[in-house]
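J.: What follows is the file work05.cif, containing mmCIF, C-alpha atoms:
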```cif
data_target
loop_
_atom_site.label_atom_id
_atom_site.label_comp_id
_atom_site.auth_asym_id
_atom_site.auth_seq_id
_atom_site.Cartn_x
_atom_site.Cartn_y
_atom_site.Cartn_z
CA MET J 1 -20.91 -126.42 -44.63
CA ALA J 2 -22.15 -125.14 -41.33
CA ASP J 3 -20.58 -121.74 -42.06
CA ALA J 4 -22.57 -121.21 -45.28
CA PRO J 5 -25.81 -120.04 -43.62
CA TYR J 6 -23.76 -117.69 -41.40
CA TRP J 7 -22.13 -115.97 -44.41
CA THR J 8 -25.38 -116.02 -46.34
CA ALA J 9 -27.10 -114.13 -43.53
CA HIS J 10 -24.32 -111.54 -43.50
CA ALA J 11 -24.53 -111.15 -47.27
CA ALA J 12 -28.31 -110.70 -47.06
CA VAL J 13 -27.97 -108.05 -44.34
CA PHE J 14 -25.22 -106.32 -46.31
CA SER J 15 -27.36 -106.41 -49.48
CA ALA J 16 -30.34 -104.99 -47.59
CA LEU J 17 -28.22 -102.17 -46.16
CA ALA J 18 -26.79 -101.43 -49.60
CA ALA J 19 -30.31 -101.33 -51.07
CA ILE J 20 -31.48 -98.95 -48.34
CA ALA J 21 -28.43 -96.71 -48.85
CA SER J 22 -29.03 -96.76 -52.59
CA ALA J 23 -32.68 -95.82 -52.12
CA ILE J 24 -31.71 -92.93 -49.84
CA ALA J 25 -29.08 -91.71 -52.31
CA SER J 26 -31.55 -92.00 -55.19
CA PHE J 27 -34.18 -90.03 -53.30
CA ALA J 28 -31.64 -87.34 -52.41
CA ALA J 29 -30.56 -87.11 -56.07
CA TYR J 30 -34.18 -86.89 -57.15
CA ARG J 31 -34.87 -84.01 -54.74
CA ARG J 32 -31.68 -82.23 -55.79
CA THR J 33 -32.62 -82.60 -59.46
CA LYS J 34 -36.12 -81.34 -58.75
CA ARG J 35 -34.74 -78.26 -56.95
CA LEU J 36 -32.36 -77.58 -59.83
CA LYS J 37 -35.18 -77.88 -62.34
CA GLU J 38 -37.33 -75.50 -60.28
CA THR J 39 -34.43 -73.03 -60.15
CA ASP J 40 -33.91 -73.32 -63.92
CA LEU J 41 -37.63 -72.76 -64.53
CA ARG J 42 -37.64 -69.72 -62.23
CA LEU J 43 -34.72 -68.23 -64.13
CA GLU J 44 -36.33 -68.99 -67.50
CA LEU J 45 -39.61 -67.54 -66.27
CA GLN J 46 -37.89 -64.34 -65.17
CA ARG J 47 -36.05 -64.11 -68.50
CA VAL J 48 -39.19 -64.65 -70.58
CA ALA J 49 -41.21 -62.27 -68.39
CA ALA J 50 -38.54 -59.59 -68.77
CA ARG J 51 -38.62 -60.07 -72.54
CA VAL J 52 -42.42 -59.82 -72.58
CA GLU J 53 -42.23 -56.66 -70.44
CA ALA J 54 -39.73 -55.09 -72.83
CA ASP J 55 -41.78 -56.08 -75.89
CA LEU J 56 -44.95 -54.69 -74.33
CA GLU J 57 -43.22 -51.42 -73.52
CA ALA J 58 -41.91 -51.19 -77.09
CA LEU J 59 -45.35 -52.04 -78.45
CA VAL J 60 -47.04 -49.29 -76.43
CA HIS J 61 -44.63 -46.70 -77.86
CA LEU J 62 -44.83 -48.16 -81.36
CA VAL J 63 -48.63 -48.12 -81.43
CA ALA J 64 -48.71 -44.49 -80.27
CA SER J 65 -46.09 -43.54 -82.85
CA ALA J 66 -47.96 -45.37 -85.61
CA LYS J 67 -51.17 -43.54 -84.70
CA ARG J 68 -49.46 -40.15 -84.85
CA SER J 69 -47.79 -41.08 -88.13
CA ARG J 70 -51.02 -42.25 -89.74
CA GLU J 71 -52.86 -39.14 -88.63
CA ALA J 72 -50.09 -36.93 -90.05
CA ILE J 73 -50.18 -38.75 -93.39
CA THR J 74 -53.97 -38.44 -93.50
CA ALA J 75 -53.74 -34.74 -92.78
CA VAL J 76 -51.49 -34.33 -95.82
CA THR J 77 -53.27 -36.69 -98.21
CA GLY J 78 -56.84 -36.08 -97.06
CA ARG J 79 -57.74 -39.79 -97.31
CA THR J 80 -60.02 -39.92 -94.29
CA ALA J 81 -61.74 -43.14 -95.39
CA GLU J 82 -58.44 -45.02 -95.12
CA LEU J 83 -57.86 -43.48 -91.70
CA GLN J 84 -61.29 -44.63 -90.52
CA VAL J 85 -60.55 -48.22 -91.53
CA TRP J 86 -57.12 -48.00 -89.90
CA ALA J 87 -58.66 -46.41 -86.78
CA GLU J 88 -61.10 -49.33 -86.40
CA GLU J 89 -58.20 -51.79 -86.50
CA TYR J 90 -56.31 -49.55 -84.10
CA LYS J 91 -59.18 -49.62 -81.59
CA ALA J 92 -59.37 -53.40 -81.72
CA ASP J 93 -55.59 -53.68 -81.41
CA HIS J 94 -55.58 -51.18 -78.55
CA LEU J 95 -58.05 -53.39 -76.65
CA THR J 96 -55.88 -56.40 -77.39
CA LEU J 97 -52.84 -54.47 -76.20
CA GLY J 98 -54.62 -53.65 -72.94
CA THR J 99 -55.39 -57.33 -72.44
CA LEU J 100 -51.79 -58.29 -73.21
CA ILE J 101 -50.50 -55.72 -70.74
CA VAL J 102 -52.74 -57.06 -67.98
CA GLU J 103 -51.78 -60.66 -68.77
CA GLY J 104 -48.08 -59.91 -69.24
CA ARG J 105 -47.37 -57.51 -66.43
CA GLY J 106 -49.62 -59.09 -63.85
CA SER J 107 -48.52 -62.64 -64.51
CA ILE J 108 -45.36 -62.70 -62.45
CA ASP J 109 -44.74 -61.48 -58.94
CA PRO J 110 -41.08 -61.88 -57.93
CA ASP J 111 -42.00 -62.47 -54.28
CA SER J 112 -44.46 -65.26 -55.02
CA LEU J 113 -42.12 -66.83 -57.56
CA LYS J 114 -40.14 -68.61 -54.84
CA ALA J 115 -43.28 -70.26 -53.48
CA LEU J 116 -44.35 -71.75 -56.81
CA LYS J 117 -43.91 -75.47 -57.24
CA LEU J 118 -42.68 -77.18 -60.39
CA THR J 119 -46.12 -77.63 -61.99
CA ALA J 120 -47.16 -74.03 -61.31
CA LEU J 121 -43.85 -72.78 -62.72
CA GLU J 122 -44.37 -74.76 -65.91
CA GLU J 123 -47.95 -73.49 -66.29
CA THR J 124 -46.93 -69.87 -65.70
CA LEU J 125 -44.05 -70.16 -68.15
CA ALA J 126 -46.34 -71.65 -70.80
CA ARG J 127 -48.90 -68.89 -70.25
CA ILE J 128 -46.30 -66.14 -70.61
CA ARG J 129 -44.72 -67.78 -73.66
CA ALA J 130 -48.16 -67.89 -75.26
CA LEU J 131 -48.23 -64.07 -75.13
CA GLN J 132 -45.06 -63.68 -77.18
CA PRO J 133 -46.50 -64.54 -80.63
CA ARG J 134 -49.47 -62.20 -80.07
CA ILE J 135 -47.15 -59.38 -79.05
CA GLN J 136 -44.83 -60.05 -81.97
CA GLN J 137 -47.76 -60.03 -84.40
CA LEU J 138 -48.78 -56.55 -83.23
CA LEU J 139 -45.17 -55.35 -83.29
CA ASP J 140 -44.80 -56.51 -86.89
CA LYS J 141 -48.13 -54.97 -87.88
CA TYR J 142 -47.33 -51.54 -86.52
CA LYS J 143 -43.76 -51.57 -87.78
CA ALA J 144 -45.17 -52.28 -91.24
CA SER J 145 -47.68 -49.45 -90.78
CA ILE J 146 -44.93 -46.98 -89.93
CA GLU J 147 -42.85 -48.20 -92.87
CA ALA J 148 -45.84 -47.71 -95.19
CA ASP J 149 -46.25 -44.19 -93.83
CA ILE J 150 -42.56 -43.48 -94.46
CA ARG J 151 -42.91 -44.68 -98.06
CA GLU J 152 -45.99 -42.49 -98.45
CA ARG J 153 -44.10 -39.47 -97.07
CA ASP J 154 -41.26 -40.13 -99.49
CA ARG J 155 -43.76 -40.34 -102.35
CA ILE J 156 -45.43 -37.06 -101.36
CA ARG J 157 -42.21 -35.09 -100.99
CA PRO J 158 -40.84 -33.65 -104.24
#
```
Output the file's structure in the form of C-alpha cells.
T.:
Amino acid sequence: MADAPYWTAHAAVFSALAAIASAIASFAAYRRTKRLKETDLRLELQRVAARVEADLEALVHLVASAKRSREAITAVTGRTAELQVWAEEYKADHLTLGTLIVEGRGSIDPDSLKALKLTALEETLARIRALQPRIQQLLDKYKASIEADIRERDRIRP
C-alpha cells in the first residue's frame, strides 16, 4: 500500500505531460490549418479576381461594340427616339462600368495579398464576389442588345 501514492504521483505527472504535449500538438495543428485556409483563400481570391478582370475586359469591348451596332442600326432605320432612350441607359451603364472597373481592378494588389490576414482575405473575397452579378447583368444586357441589332439587320436585309 505504501507504493500506491508513489505510482499515483508518476501517473499524475505523466498525465500532465501528456496533456501539455496534446495542447502543443493541438495548437500546432490549429496554426497549420489556419495557414492552409489563408493559402486557399488567397488562391480563391486570385482566381475570382482574374475572372472579374476578364469579365470587365470583355464588358468594356462588348459595350463599345453594342454602341457602334446600335448607332449603325439607327443610321439605317432612322429611329432616333429609340437611340436616345438607349443612349440614356448606355450613359448610366457606362458610369456603372467605370465604378465596377475601379472596384474590380483596384481591389487586389498581389504584393499586399501576402500580408492580409484571414478576416481581411474573407472580406476582400466577398467584396469581389459581389461584383460578379453586377458585371454579369451588364454582360447579359449588352449581349441581348447586340442580338436584337442582329435580328433587326436580318429583318432589314432583303
J.: Any idea what's packed within 8 Å of region 130-139 of chain J, counting all atoms listed in the file, ignoring anything in its chain fewer than 6 positions away? Could you give it as JSON, numbers by chain?
T.: {"J": [52, 55, 56, 59, 62, 93, 100, 104]}
J.: How about saving the chosen residues, C-alpha atoms kept, as a PDB file, keeping the file's coordinate frame?
T.:
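out08.pdb, written as the output of this step:
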```pdb
ATOM      1  CA  VAL J  52     -42.420 -59.820 -72.580  1.00  0.00           C
ATOM      2  CA  ASP J  55     -41.780 -56.080 -75.890  1.00  0.00           C
ATOM      3  CA  LEU J  56     -44.950 -54.690 -74.330  1.00  0.00           C
ATOM      4  CA  LEU J  59     -45.350 -52.040 -78.450  1.00  0.00           C
ATOM      5  CA  LEU J  62     -44.830 -48.160 -81.360  1.00  0.00           C
ATOM      6  CA  ASP J  93     -55.590 -53.680 -81.410  1.00  0.00           C
ATOM      7  CA  LEU J 100     -51.790 -58.290 -73.210  1.00  0.00           C
ATOM      8  CA  GLY J 104     -48.080 -59.910 -69.240  1.00  0.00           C
TER       9      GLY J 104
END
```
J.: As JSON, numbers by chain, please: the residues near Thr119 (chain J) (cut-off 12 Å, all atoms listed in the file, same-chain neighbours under 4 positions excluded).
T.: {"J": [34, 37, 38, 41, 42, 115, 123, 124, 125, 126]}
J.: Restricting the calculation to only C-alpha atoms: of J:Ala81, J:Leu113, J:Ser69, J:Ala92, which residue gets closest to Asp149 (chain J)?
T.: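 Residue with the minimum atom-to-atom distance to Asp149 (chain J): J:Ser69.
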J.: Please report the interatomic distance between CA of Ser26 (chain J) and CA of Leu45 (chain J) in Å with one decimal.
T.: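 So the two atoms, CA of Ser26 (chain J) and CA of Leu45 (chain J), lie 28.0 Å apart.
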J.: Would you compute, for all listed atoms of region 44-52 of chain J, the axis-aligned bounding box grown by 3 Å on each side, and then report its centre and edge lengths in Å rounded to one decimal, as lines of an AutoDock Vina configuration file?
T.:
```
center_x = -39.2
center_y = -64.3
center_z = -68.9
size_x = 12.4
size_y = 15.4
size_z = 13.4
```
J.: For the structure shown, which residues end up in the PyMOL selection byres ((chain J and resi 94) around 12)? Put them as number ranges by chain, please?
T.: J: 56, 59-64, 66-67, 86-93, 95-101, 135, 138, 142
J.: Just the number, please: distance in Å from CA of Ala148 (chain J) to CA of Glu57 (chain J), one decimal.
T.: 22.1 Å
J.: Choose the residue, out of J:Ser15, J:Ala25, J:Ile73, J:Lys114, that has the smallest atom-to-atom separation from Asp154 (chain J); count all atoms listed in the file.
T.: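 Among J:Ser15, J:Ala25, J:Ile73, J:Lys114, it is J:Ile73 that comes nearest to Asp154 (chain J).
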J.: What does the distance from CA of Ile128 (chain J) to CA of Arg35 (chain J) come to in Å, to one decimal?
T.: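 Distance between the two atoms: 21.6 Å.
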J.: Measuring atom to atom with only C-alpha atoms, identify which of J:Ala49, J:Ala75, J:Ala58, J:Leu118 is nearest to Asp140 (chain J).
T.: J:Ala58
J.: Here is a test: counting only C-alpha atoms, which residue of J:Glu44, J:Thr39, J:Ala50, J:Ala9 is nearest to Lys117 (chain J)?
T.: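 Nearest candidate to Lys117 (chain J) out of J:Glu44, J:Thr39, J:Ala50, J:Ala9: J:Thr39.
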J.: Using all atoms listed in the file, which of J:Glu82, J:Glu103, J:Glu122, J:Asp111 sits nearest Glu53 (chain J)?
T.: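 Ranking J:Glu82, J:Glu103, J:Glu122, J:Asp111 by distance to Glu53 (chain J), first place goes to J:Glu103.
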